[in-house]
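Enquirer: My structure is stored as query-v4.cif, with mmCIF, C-alpha atoms.
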```cif
data_coords
loop_
_atom_site.group_PDB
_atom_site.id
_atom_site.type_symbol
_atom_site.label_atom_id
_atom_site.label_comp_id
_atom_site.auth_asym_id
_atom_site.auth_seq_id
_atom_site.Cartn_x
_atom_site.Cartn_y
_atom_site.Cartn_z
ATOM 1 C CA MET A 1 0.000 0.000 0.000
ATOM 2 C CA PRO A 2 1.454 3.410 -0.945
ATOM 3 C CA ALA A 3 2.141 5.860 1.860
ATOM 4 C CA ILE A 4 0.156 8.457 -0.102
ATOM 5 C CA GLU A 5 -1.795 8.213 -3.341
ATOM 6 C CA ALA A 6 -3.669 10.811 -5.403
ATOM 7 C CA ARG A 7 -6.176 9.864 -8.092
ATOM 8 C CA ALA A 8 -7.489 12.432 -10.586
ATOM 9 C CA LEU A 9 -6.895 15.216 -8.042
ATOM 10 C CA SER A 10 -8.098 18.612 -9.269
ATOM 11 C CA VAL A 11 -8.081 21.943 -7.408
ATOM 12 C CA GLY A 12 -9.775 25.181 -8.415
ATOM 13 C CA PHE A 13 -10.297 28.538 -6.715
ATOM 14 C CA ARG A 14 -13.498 30.552 -7.174
ATOM 15 C CA THR A 15 -12.709 34.204 -7.905
ATOM 16 C CA GLU A 16 -14.468 37.230 -9.368
ATOM 17 C CA ARG A 17 -12.741 36.500 -12.686
ATOM 18 C CA GLY A 18 -13.948 32.895 -12.695
ATOM 19 C CA VAL A 19 -12.449 29.629 -11.477
ATOM 20 C CA VAL A 20 -8.651 29.499 -11.373
ATOM 21 C CA GLN A 21 -7.881 25.868 -12.274
ATOM 22 C CA ALA A 22 -4.681 25.426 -10.272
ATOM 23 C CA LEU A 23 -4.359 21.633 -10.539
ATOM 24 C CA SER A 24 -5.929 19.213 -13.013
ATOM 25 C CA ASP A 25 -6.245 15.413 -13.011
ATOM 26 C CA ALA A 26 -3.111 14.665 -10.943
ATOM 27 C CA SER A 27 -2.526 10.970 -10.233
ATOM 28 C CA PHE A 28 0.505 9.406 -8.531
ATOM 29 C CA ALA A 29 1.526 7.228 -5.593
ATOM 30 C CA ILE A 30 4.570 7.424 -3.306
ATOM 31 C CA GLU A 31 5.825 4.466 -1.287
ATOM 32 C CA ARG A 32 7.571 4.751 2.079
ATOM 33 C CA GLY A 33 11.261 5.414 1.516
ATOM 34 C CA GLU A 34 10.606 6.821 -1.966
ATOM 35 C CA THR A 35 11.166 10.379 -3.240
ATOM 36 C CA LEU A 36 8.943 12.198 -5.724
ATOM 37 C CA VAL A 37 10.193 15.589 -6.921
ATOM 38 C CA VAL A 38 7.616 17.945 -8.453
ATOM 39 C CA ILE A 39 9.070 20.555 -10.820
ATOM 40 C CA GLY A 40 7.652 23.224 -13.100
ATOM 41 C CA GLU A 41 7.626 26.968 -13.613
ATOM 42 C CA SER A 42 6.132 29.416 -11.102
ATOM 43 C CA GLY A 43 2.330 29.308 -11.055
ATOM 44 C CA SER A 44 2.087 25.847 -12.608
ATOM 45 C CA GLY A 45 0.411 24.250 -9.574
ATOM 46 C CA LYS A 46 3.301 22.741 -7.585
ATOM 47 C CA THR A 47 2.581 24.303 -4.191
ATOM 48 C CA VAL A 48 -1.181 23.891 -4.649
ATOM 49 C CA LEU A 49 -0.557 20.162 -5.032
ATOM 50 C CA ALA A 50 1.322 20.045 -1.703
ATOM 51 C CA HIS A 51 -1.347 22.042 0.118
ATOM 52 C CA ALA A 52 -4.139 19.941 -1.379
ATOM 53 C CA LEU A 53 -2.584 16.735 -0.034
ATOM 54 C CA MET A 54 -2.564 18.252 3.460
ATOM 55 C CA ARG A 55 -5.904 20.063 3.004
ATOM 56 C CA LEU A 56 -4.339 23.439 3.752
ATOM 57 C CA LEU A 57 -6.545 25.344 1.320
ATOM 58 C CA PRO A 58 -8.752 28.470 1.529
ATOM 59 C CA ARG A 59 -12.542 28.413 1.698
ATOM 60 C CA ASN A 60 -13.028 29.344 -1.967
ATOM 61 C CA VAL A 61 -11.533 26.041 -3.113
ATOM 62 C CA THR A 62 -13.194 23.396 -5.288
ATOM 63 C CA LEU A 63 -11.774 19.891 -4.890
ATOM 64 C CA ALA A 64 -12.261 16.768 -6.982
ATOM 65 C CA GLY A 65 -10.603 13.377 -7.023
ATOM 66 C CA GLU A 66 -9.224 11.258 -4.194
ATOM 67 C CA VAL A 67 -6.269 11.299 -1.800
ATOM 68 C CA ASP A 68 -5.450 8.287 0.404
ATOM 69 C CA LEU A 69 -2.931 8.217 3.244
ATOM 70 C CA GLU A 70 -1.955 4.559 3.742
ATOM 71 C CA GLY A 71 -5.387 3.588 2.459
ATOM 72 C CA GLN A 72 -7.332 6.177 4.504
ATOM 73 C CA PRO A 73 -9.344 8.666 2.382
ATOM 74 C CA LEU A 74 -8.435 12.250 3.355
ATOM 75 C CA LEU A 75 -10.586 14.629 1.330
ATOM 76 C CA ALA A 76 -13.825 13.810 3.192
ATOM 77 C CA LEU A 77 -12.200 13.587 6.632
ATOM 78 C CA PRO A 78 -13.636 16.024 9.250
ATOM 79 C CA GLU A 79 -11.263 18.904 9.998
ATOM 80 C CA ASP A 80 -10.586 17.854 13.617
ATOM 81 C CA GLU A 81 -9.470 14.398 12.424
ATOM 82 C CA MET A 82 -7.465 15.925 9.568
ATOM 83 C CA ARG A 83 -5.680 18.134 12.094
ATOM 84 C CA ARG A 84 -4.490 15.018 13.918
ATOM 85 C CA VAL A 85 -3.336 13.504 10.619
ATOM 86 C CA ARG A 86 -1.287 16.643 9.855
ATOM 87 C CA GLY A 87 0.194 16.644 13.318
ATOM 88 C CA ARG A 88 1.229 12.997 13.534
ATOM 89 C CA ARG A 89 1.289 11.275 10.139
ATOM 90 C CA MET A 90 2.144 14.062 7.688
ATOM 91 C CA ALA A 91 4.845 16.705 8.076
ATOM 92 C CA LEU A 92 5.427 19.886 6.088
ATOM 93 C CA ILE A 93 8.793 21.572 5.612
ATOM 94 C CA PRO A 94 7.573 25.027 4.557
ATOM 95 C CA GLN A 95 9.260 27.420 2.167
ATOM 96 C CA GLY A 96 11.718 29.626 4.067
ATOM 97 C CA ALA A 97 12.921 27.869 7.223
ATOM 98 C CA GLY A 98 13.527 31.160 9.028
ATOM 99 C CA SER A 99 9.964 32.406 8.568
ATOM 100 C CA ALA A 100 8.582 29.013 9.659
ATOM 101 C CA LEU A 101 10.062 29.411 13.155
ATOM 102 C CA ASN A 102 8.368 31.705 15.700
ATOM 103 C CA PRO A 103 10.845 34.596 16.156
ATOM 104 C CA VAL A 104 9.879 35.266 19.794
ATOM 105 C CA ARG A 105 10.230 31.698 21.051
ATOM 106 C CA ARG A 106 13.372 29.724 21.766
ATOM 107 C CA VAL A 107 14.060 26.942 19.306
ATOM 108 C CA GLY A 108 14.045 24.189 21.943
ATOM 109 C CA GLY A 109 10.498 25.014 23.064
ATOM 110 C CA LEU A 110 9.249 25.077 19.483
ATOM 111 C CA MET A 111 10.800 21.706 18.722
ATOM 112 C CA LEU A 112 9.495 20.066 21.899
ATOM 113 C CA GLU A 113 5.981 21.337 21.199
ATOM 114 C CA MET A 114 6.051 19.787 17.722
ATOM 115 C CA ALA A 115 7.328 16.482 19.120
ATOM 116 C CA ARG A 116 4.556 16.379 21.732
ATOM 117 C CA VAL A 117 1.947 16.960 18.988
ATOM 118 C CA ARG A 118 3.388 13.848 17.329
ATOM 119 C CA GLY A 119 2.612 11.885 20.514
ATOM 120 C CA LEU A 120 6.040 11.853 22.233
ATOM 121 C CA GLY A 121 6.474 12.440 25.977
ATOM 122 C CA GLN A 122 8.849 15.124 27.302
ATOM 123 C CA GLY A 123 11.899 12.882 27.795
ATOM 124 C CA GLU A 124 11.221 10.840 24.674
ATOM 125 C CA ALA A 125 10.742 14.024 22.633
ATOM 126 C CA ARG A 126 14.062 15.513 23.728
ATOM 127 C CA GLU A 127 15.885 12.279 22.950
ATOM 128 C CA ALA A 128 14.245 11.966 19.519
ATOM 129 C CA LEU A 129 15.001 15.592 18.650
ATOM 130 C CA ASP A 130 18.617 15.260 19.707
ATOM 131 C CA GLY A 131 18.943 12.101 17.603
ATOM 132 C CA SER A 132 17.466 13.791 14.524
ATOM 133 C CA LEU A 133 19.647 16.878 14.947
ATOM 134 C CA ARG A 134 22.803 14.807 15.405
ATOM 135 C CA GLU A 135 22.096 13.042 12.103
ATOM 136 C CA LEU A 136 22.147 16.535 10.577
ATOM 137 C CA GLY A 137 25.336 17.640 12.340
ATOM 138 C CA LEU A 138 23.803 19.537 15.283
ATOM 139 C CA SER A 139 22.616 18.715 18.788
ATOM 140 C CA PHE A 140 19.578 19.753 20.798
ATOM 141 C CA GLN A 141 21.821 21.454 23.339
ATOM 142 C CA GLN A 142 23.395 23.622 20.609
ATOM 143 C CA VAL A 143 20.123 25.189 19.496
ATOM 144 C CA ALA A 144 17.624 24.803 22.357
ATOM 145 C CA GLU A 145 18.278 28.133 24.103
ATOM 146 C CA ARG A 146 18.691 30.207 20.960
ATOM 147 C CA TYR A 147 16.107 32.258 19.100
ATOM 148 C CA PRO A 148 15.708 31.597 15.352
ATOM 149 C CA HIS A 149 17.518 34.811 14.371
ATOM 150 C CA GLN A 150 20.582 33.586 16.286
ATOM 151 C CA LEU A 151 20.943 30.618 13.913
ATOM 152 C CA SER A 152 22.476 30.718 10.449
ATOM 153 C CA GLY A 153 20.247 29.954 7.459
ATOM 154 C CA GLY A 154 21.753 26.479 7.202
ATOM 155 C CA MET A 155 21.109 25.794 10.887
ATOM 156 C CA GLN A 156 17.508 26.998 10.582
ATOM 157 C CA GLN A 157 16.980 24.587 7.694
ATOM 158 C CA ARG A 158 18.429 21.694 9.688
ATOM 159 C CA VAL A 159 16.170 22.521 12.652
ATOM 160 C CA VAL A 160 13.081 22.474 10.411
ATOM 161 C CA ASN A 161 14.233 19.223 8.784
ATOM 162 C CA ALA A 162 14.799 17.627 12.207
ATOM 163 C CA MET A 163 11.306 18.659 13.310
ATOM 164 C CA ALA A 164 9.877 16.937 10.226
ATOM 165 C CA MET A 165 11.741 13.705 11.043
ATOM 166 C CA VAL A 166 10.592 13.409 14.675
ATOM 167 C CA GLY A 167 7.858 10.872 15.335
ATOM 168 C CA GLU A 168 8.543 9.157 11.999
ATOM 169 C CA PRO A 169 5.595 10.536 9.965
ATOM 170 C CA SER A 170 4.461 8.513 6.973
ATOM 171 C CA VAL A 171 4.742 11.449 4.577
ATOM 172 C CA VAL A 172 7.046 14.493 4.551
ATOM 173 C CA ILE A 173 6.357 17.328 2.097
ATOM 174 C CA ALA A 174 9.108 19.888 1.467
ATOM 175 C CA ASP A 175 7.981 23.075 -0.302
ATOM 176 C CA GLU A 176 10.860 24.874 -2.094
ATOM 177 C CA PRO A 177 13.421 23.768 0.541
ATOM 178 C CA THR A 178 16.329 25.575 -1.189
ATOM 179 C CA HIS A 179 14.505 28.851 -1.873
ATOM 180 C CA GLY A 180 16.922 31.751 -1.382
ATOM 181 C CA MET A 181 19.840 29.471 -0.508
ATOM 182 C CA ASP A 182 23.415 29.921 -1.648
ATOM 183 C CA PRO A 183 24.350 27.289 -4.281
ATOM 184 C CA GLU A 184 26.789 25.538 -1.940
ATOM 185 C CA LEU A 185 23.938 24.759 0.488
ATOM 186 C CA VAL A 186 21.816 23.002 -2.158
ATOM 187 C CA ASP A 187 23.820 19.749 -2.068
ATOM 188 C CA THR A 188 23.783 19.768 1.748
ATOM 189 C CA THR A 189 20.006 20.217 1.773
ATOM 190 C CA ALA A 190 19.585 17.440 -0.807
ATOM 191 C CA GLU A 191 21.557 15.069 1.434
ATOM 192 C CA GLN A 192 19.419 16.005 4.448
ATOM 193 C CA LEU A 193 16.188 15.463 2.513
ATOM 194 C CA GLY A 194 17.490 12.123 1.243
ATOM 195 C CA MET A 195 18.061 11.118 4.860
ATOM 196 C CA ILE A 196 14.347 11.657 5.571
ATOM 197 C CA ALA A 197 13.434 9.184 2.816
ATOM 198 C CA ARG A 198 16.071 6.690 3.979
ATOM 199 C CA ARG A 199 14.466 6.748 7.418
ATOM 200 C CA GLY A 200 11.291 5.416 5.813
ATOM 201 C CA ALA A 201 9.062 8.404 5.036
ATOM 202 C CA ALA A 202 7.496 9.041 1.651
ATOM 203 C CA LEU A 203 9.173 12.283 0.570
ATOM 204 C CA LEU A 204 7.474 14.782 -1.756
ATOM 205 C CA VAL A 205 9.666 17.737 -2.746
ATOM 206 C CA ILE A 206 8.243 20.800 -4.518
ATOM 207 C CA THR A 207 10.951 22.800 -6.297
ATOM 208 C CA HIS A 208 11.831 24.942 -9.283
ATOM 209 C CA ASP A 209 15.510 24.132 -8.631
ATOM 210 C CA LEU A 210 16.394 21.609 -11.336
ATOM 211 C CA ARG A 211 19.818 20.994 -9.803
ATOM 212 C CA LEU A 212 18.154 19.920 -6.548
ATOM 213 C CA ALA A 213 15.663 17.712 -8.421
ATOM 214 C CA GLU A 214 18.425 15.874 -10.270
ATOM 215 C CA ARG A 215 20.458 15.524 -7.060
ATOM 216 C CA LEU A 216 17.530 13.990 -5.142
ATOM 217 C CA GLY A 217 16.898 11.174 -7.623
ATOM 218 C CA GLY A 218 13.786 9.055 -7.131
ATOM 219 C CA ARG A 219 11.052 10.023 -9.572
ATOM 220 C CA THR A 220 10.181 13.386 -11.101
ATOM 221 C CA ALA A 221 6.741 14.806 -11.878
ATOM 222 C CA LEU A 222 6.812 17.699 -14.351
ATOM 223 C CA ILE A 223 3.850 20.106 -14.158
ATOM 224 C CA TYR A 224 2.732 22.504 -16.885
ATOM 225 C CA SER A 225 -0.339 24.761 -16.551
ATOM 226 C CA SER A 226 -1.918 22.648 -13.782
ATOM 227 C CA TYR A 227 -1.295 19.253 -15.465
ATOM 228 C CA ILE A 228 1.344 16.656 -14.669
ATOM 229 C CA VAL A 229 2.763 16.140 -18.157
ATOM 230 C CA GLU A 230 5.588 13.699 -17.398
ATOM 231 C CA LEU A 231 6.107 11.293 -14.499
ATOM 232 C CA ARG A 232 9.132 9.012 -14.518
ATOM 233 C CA ASP A 233 12.493 8.088 -13.056
ATOM 234 C CA THR A 234 14.486 11.257 -12.347
ATOM 235 C CA ALA A 235 17.710 10.061 -13.992
ATOM 236 C CA ALA A 236 15.792 9.065 -17.134
ATOM 237 C CA PHE A 237 13.980 12.408 -17.240
ATOM 238 C CA PHE A 238 17.174 14.459 -17.034
ATOM 239 C CA SER A 239 18.864 12.186 -19.548
ATOM 240 C CA GLN A 240 16.065 12.243 -22.146
ATOM 241 C CA PRO A 241 12.711 13.887 -21.328
ATOM 242 C CA GLU A 242 9.827 12.466 -23.360
ATOM 243 C CA HIS A 243 7.368 15.388 -23.243
ATOM 244 C CA PRO A 244 8.103 18.339 -25.559
ATOM 245 C CA TYR A 245 7.809 20.738 -22.615
ATOM 246 C CA GLY A 246 10.398 18.717 -20.682
ATOM 247 C CA ARG A 247 12.772 18.868 -23.637
ATOM 248 C CA ALA A 248 12.203 22.609 -24.018
ATOM 249 C CA LEU A 249 12.662 23.220 -20.286
ATOM 250 C CA LEU A 250 16.035 21.463 -20.149
ATOM 251 C CA GLY A 251 17.035 23.095 -23.426
ATOM 252 C CA ALA A 252 16.490 26.511 -21.824
ATOM 253 C CA LEU A 253 19.219 25.833 -19.248
ATOM 254 C CA PRO A 254 22.504 27.670 -19.957
ATOM 255 C CA GLU A 255 24.482 24.429 -20.015
ATOM 256 C CA HIS A 256 22.146 23.065 -22.727
ATOM 257 C CA GLY A 257 22.229 26.099 -24.996
ATOM 258 C CA GLY A 258 19.871 28.500 -23.220
ATOM 259 C CA VAL A 259 17.172 28.362 -25.933
ATOM 260 C CA ALA A 260 14.095 30.248 -24.738
ATOM 261 C CA ILE A 261 10.680 28.580 -24.976
ATOM 262 C CA PRO A 262 8.533 30.648 -27.394
ATOM 263 C CA GLY A 263 5.164 31.998 -26.313
ATOM 264 C CA VAL A 264 3.626 32.130 -22.822
ATOM 265 C CA SER A 265 1.674 29.787 -20.576
ATOM 266 C CA PRO A 266 -2.136 30.049 -20.784
ATOM 267 C CA GLU A 267 -4.134 31.797 -18.069
ATOM 268 C CA LEU A 268 -5.392 29.307 -15.475
ATOM 269 C CA THR A 269 -8.851 30.893 -15.770
ATOM 270 C CA GLN A 270 -8.862 30.142 -19.495
ATOM 271 C CA LEU A 271 -7.191 26.781 -19.947
ATOM 272 C CA PRO A 272 -7.692 25.354 -23.455
ATOM 273 C CA ARG A 273 -9.908 22.319 -23.990
ATOM 274 C CA ALA A 274 -6.956 20.605 -25.663
ATOM 275 C CA CYS A 275 -3.236 20.291 -24.877
ATOM 276 C CA ALA A 276 -2.167 23.365 -22.878
ATOM 277 C CA PHE A 277 1.356 23.263 -24.334
ATOM 278 C CA ALA A 278 0.252 22.869 -27.962
ATOM 279 C CA PRO A 279 0.529 26.587 -28.929
ATOM 280 C CA ARG A 280 4.230 26.532 -27.928
ATOM 281 C CA CYS A 281 5.069 23.029 -29.099
ATOM 282 C CA PRO A 282 7.297 22.337 -32.135
ATOM 283 C CA ALA A 283 5.859 18.799 -32.423
ATOM 284 C CA ARG A 284 2.204 19.930 -32.529
ATOM 285 C CA PHE A 285 -0.100 17.941 -34.821
ATOM 286 C CA GLU A 286 -3.831 17.468 -35.335
ATOM 287 C CA PRO A 287 -4.843 15.531 -32.147
ATOM 288 C CA CYS A 288 -3.171 18.167 -29.943
ATOM 289 C CA ASP A 289 -5.935 20.679 -30.782
ATOM 290 C CA GLU A 290 -8.831 18.284 -30.200
ATOM 291 C CA ALA A 291 -8.695 17.171 -26.547
ATOM 292 C CA VAL A 292 -6.511 17.151 -23.459
ATOM 293 C CA PRO A 293 -4.254 14.118 -23.809
ATOM 294 C CA PRO A 294 -4.334 11.443 -21.115
ATOM 295 C CA MET A 295 -1.168 10.055 -19.551
ATOM 296 C CA PHE A 296 0.335 7.480 -21.927
ATOM 297 C CA PRO A 297 2.756 4.789 -20.678
ATOM 298 C CA LEU A 298 6.355 5.079 -21.874
ATOM 299 C CA PRO A 299 8.327 2.045 -23.114
ATOM 300 C CA GLY A 300 11.105 2.570 -20.546
ATOM 301 C CA GLY A 301 8.705 3.151 -17.663
ATOM 302 C CA GLY A 302 6.772 6.197 -16.520
ATOM 303 C CA GLU A 303 4.104 8.242 -18.296
ATOM 304 C CA ALA A 304 3.780 11.324 -20.502
ATOM 305 C CA ARG A 305 0.706 13.429 -21.295
ATOM 306 C CA CYS A 306 1.417 13.719 -25.011
ATOM 307 C CA TYR A 307 -0.174 12.292 -28.169
ATOM 308 C CA LEU A 308 3.305 11.538 -29.519
ATOM 309 C CA HIS A 309 3.205 8.519 -27.170
ATOM 310 C CA ALA A 310 -0.314 7.378 -27.956
#
```
Could I get this structure in the form of structure tokens?
Expert:
Amino acid sequence: MPAIEARALSVGFRTERGVVQALSDASFAIERGETLVVIGESGSGKTVLAHALMRLLPRNVTLAGEVDLEGQPLLALPEDEMRRVRGRRMALIPQGAGSALNPVRRVGGLMLEMARVRGLGQGEAREALDGSLRELGLSFQQVAERYPHQLSGGMQQRVVNAMAMVGEPSVVIADEPTHGMDPELVDTTAEQLGMIARRGAALLVITHDLRLAERLGGRTALIYSSYIVELRDTAAFFSQPEHPYGRALLGALPEHGGVAIPGVSPELTQLPRACAFAPRCPARFEPCDEAVPPMFPLPGGGEARCYLHA
């Protein structure tokens, strides 16, 4: 049984301009100990996907599809039960470790409170936190009496990562964990995130940092205009993407020639009734203008939402 599974998950937001379709027909499963990296340009739906899995969404949301946590349906769960799920079985590493820590509370108190929410007693919590921090090169004693602003950015990130590891949640979601980081810290963060998966959690990483995605391995889900358009082994994706958008995205990197992708992404309030990437696609042909393609299986494993693989 997967640690977490989404089936045809769609998320929209009702606004005065109409419904913003932020996520469309997303299906995937992540096993314990496995990593899934979600990449795509800003506004494509990556963070909405993470928040939908944890049901951290505003009141104007429209939800469709299914999400199961170790076989338990989540979307219809009452909020008080969902709060317990978030506290004990799912953990979120939010974007910007520094802003995720309460600036007027000492780090030790914050960490102990999180551990107690996960069901650990005072002594057990301190021991578990110290163990997690030591795996990341710190100790509880080093950080407990400090305020967040007294820690370096790297130390703040390790504190947040350690908090996610405590209590051994089934699923850990990291939202842009290297946002604003110096390049030399990216590899360190990738190693720390990999440690979370090796400890047995299903790890979902949301990022626009392609270097981090390649470093993490596992599988990669590429999102374009609310749709997952390619889902496959990370090494295979970076070696030879099978969706035209994936090829164009890697081709836009400086080391691959820096060729800009022509055109712009469609408005999420006016998504086409056919392939969203078709107007920008050099491989466009007749079926692309007729209907949104489903996910087609690829010969080497994985899937791509493209009629070239029909």
Enquirer: Given the choices A:Ala91, A:Ile173, A:Met54, A:Ala202, which gets closest to A:Met1 if the distance is worked out from all atoms listed in the file?
Expert: A:Ala202
Enquirer: Apply the PyMOL selection byres ((chain A and resi 291) around 6) to the displayed file and report the matching residues as a VMD selection string.
Expert: chain A and resid 273 to 274 290 292
Enquirer: Check the smallest atom-to-atom distance from each of A:Val67, A:Glu5, A:Val186, A:Val166 to A:Arg32 using all atoms listed in the file, then report the winner.
Expert: A:Glu5
Enquirer: Taking the file as shown, find all residues satisfying the PyMOL selection byres ((chain A and resi 260) around 12) and write them as an MDAnalysis selection string.
Expert: chainID A and resid 245 247:254 256:259 261:264 280
Enquirer: Do you have the atom CA of A:Thr35-atom CA of A:Arg219 distance handy?
Expert: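 Between these atoms lies a distance of 6.3 Å.
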Enquirer: Since I can't run it myself right now, could you work out what the PyMOL selection byres ((chain A and resi 180) around 12) selects here and report it as a ChimeraX atom specification?
Expert: /A:95-98,153-154,157,176-179,181-186,207-209
Enquirer: Could you take the residues named above and write them with C-alpha atoms, as a compact mmCIF listing (two decimals), in the coordinates of the input?
Expert:
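Ended up saving to out.txt:
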```txt
# COMPACT_ATOMS: atom_id res chain seq x y z
CA GLN A 95 9.26 27.42 2.17
CA GLY A 96 11.72 29.63 4.07
CA ALA A 97 12.92 27.87 7.22
CA GLY A 98 13.53 31.16 9.03
CA GLY A 153 20.25 29.95 7.46
CA GLY A 154 21.75 26.48 7.20
CA GLN A 157 16.98 24.59 7.69
CA GLU A 176 10.86 24.87 -2.09
CA PRO A 177 13.42 23.77 0.54
CA THR A 178 16.33 25.58 -1.19
CA HIS A 179 14.50 28.85 -1.87
CA MET A 181 19.84 29.47 -0.51
CA ASP A 182 23.42 29.92 -1.65
CA PRO A 183 24.35 27.29 -4.28
CA GLU A 184 26.79 25.54 -1.94
CA LEU A 185 23.94 24.76 0.49
CA VAL A 186 21.82 23.00 -2.16
CA THR A 207 10.95 22.80 -6.30
CA HIS A 208 11.83 24.94 -9.28
CA ASP A 209 15.51 24.13 -8.63
```
Enquirer: What gap, in Å, lies between atom CA of A:Glu242 and atom CA of A:Thr189?
Expert: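 About the pair atom CA of A:Glu242 and atom CA of A:Thr189: they are 28.2 Å apart.
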Enquirer: Closest to A:Ile206 among A:Asp175, A:Ala22, A:Arg232, A:Val159, using only C-alpha atoms?
Expert: A:Asp175
Enquirer: Between atom CA of A:Glu145 and atom CA of A:Arg199, what is the spacing in Å?
Expert: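 Atom CA of A:Arg199 sits 27.4 Å away from atom CA of A:Glu145.
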Enquirer: Quick one: everything within 12 Å of A:Leu101, counting only C-alpha atoms, minus sequence neighbours fewer than 6 positions away in the same chain. Send it as a list in words.
Expert: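 Once the adjacent positions are removed, what remains is Ile93, Pro94, Gln95, Val107, Gly108, Gly109, Leu110, Met111, Met114, Arg146, Tyr147, Pro148, His149, Gln150, Leu151, Gly153, Met155, Gln156, Gln157, Arg158, Val159, Val160, Asn161 and Met163 of chain A.
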Enquirer: Let me make sure I understand: among A:Leu63, A:Ala164, A:Tyr227, A:Leu136, which one has the smallest atom-to-atom distance to A:Leu268 if we use only C-alpha atoms?
Expert: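 Among the listed residues, A:Tyr227 lies closest to A:Leu268.
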Enquirer: Which residue out of A:Leu216, A:Leu204, A:Leu23, A:Val117 has the minimum interatomic distance to A:Val61 when all atoms listed in the file are used?
Expert: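 Of A:Leu216, A:Leu204, A:Leu23, A:Val117, the one nearest A:Val61 is A:Leu23, counting all atoms listed in the file.
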Enquirer: At a cut-off of 6 Å from (16.5, 9.5, -11.7) in the coordinates of the file, what residues are picked up using only C-alpha atoms, written as number ranges by chain?
Expert: A: 217-219, 233-236
Enquirer: Would you kindly return, as a list in words, each protein, DNA or RNA residue with an atom no farther than 7 Å from any atom of A:Ala310, considering only C-alpha atoms and excluding same-chain residues fewer than 2 positions away?
Expert: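 My reading of the contact set: Phe296, Tyr307 and Leu308 of chain A.
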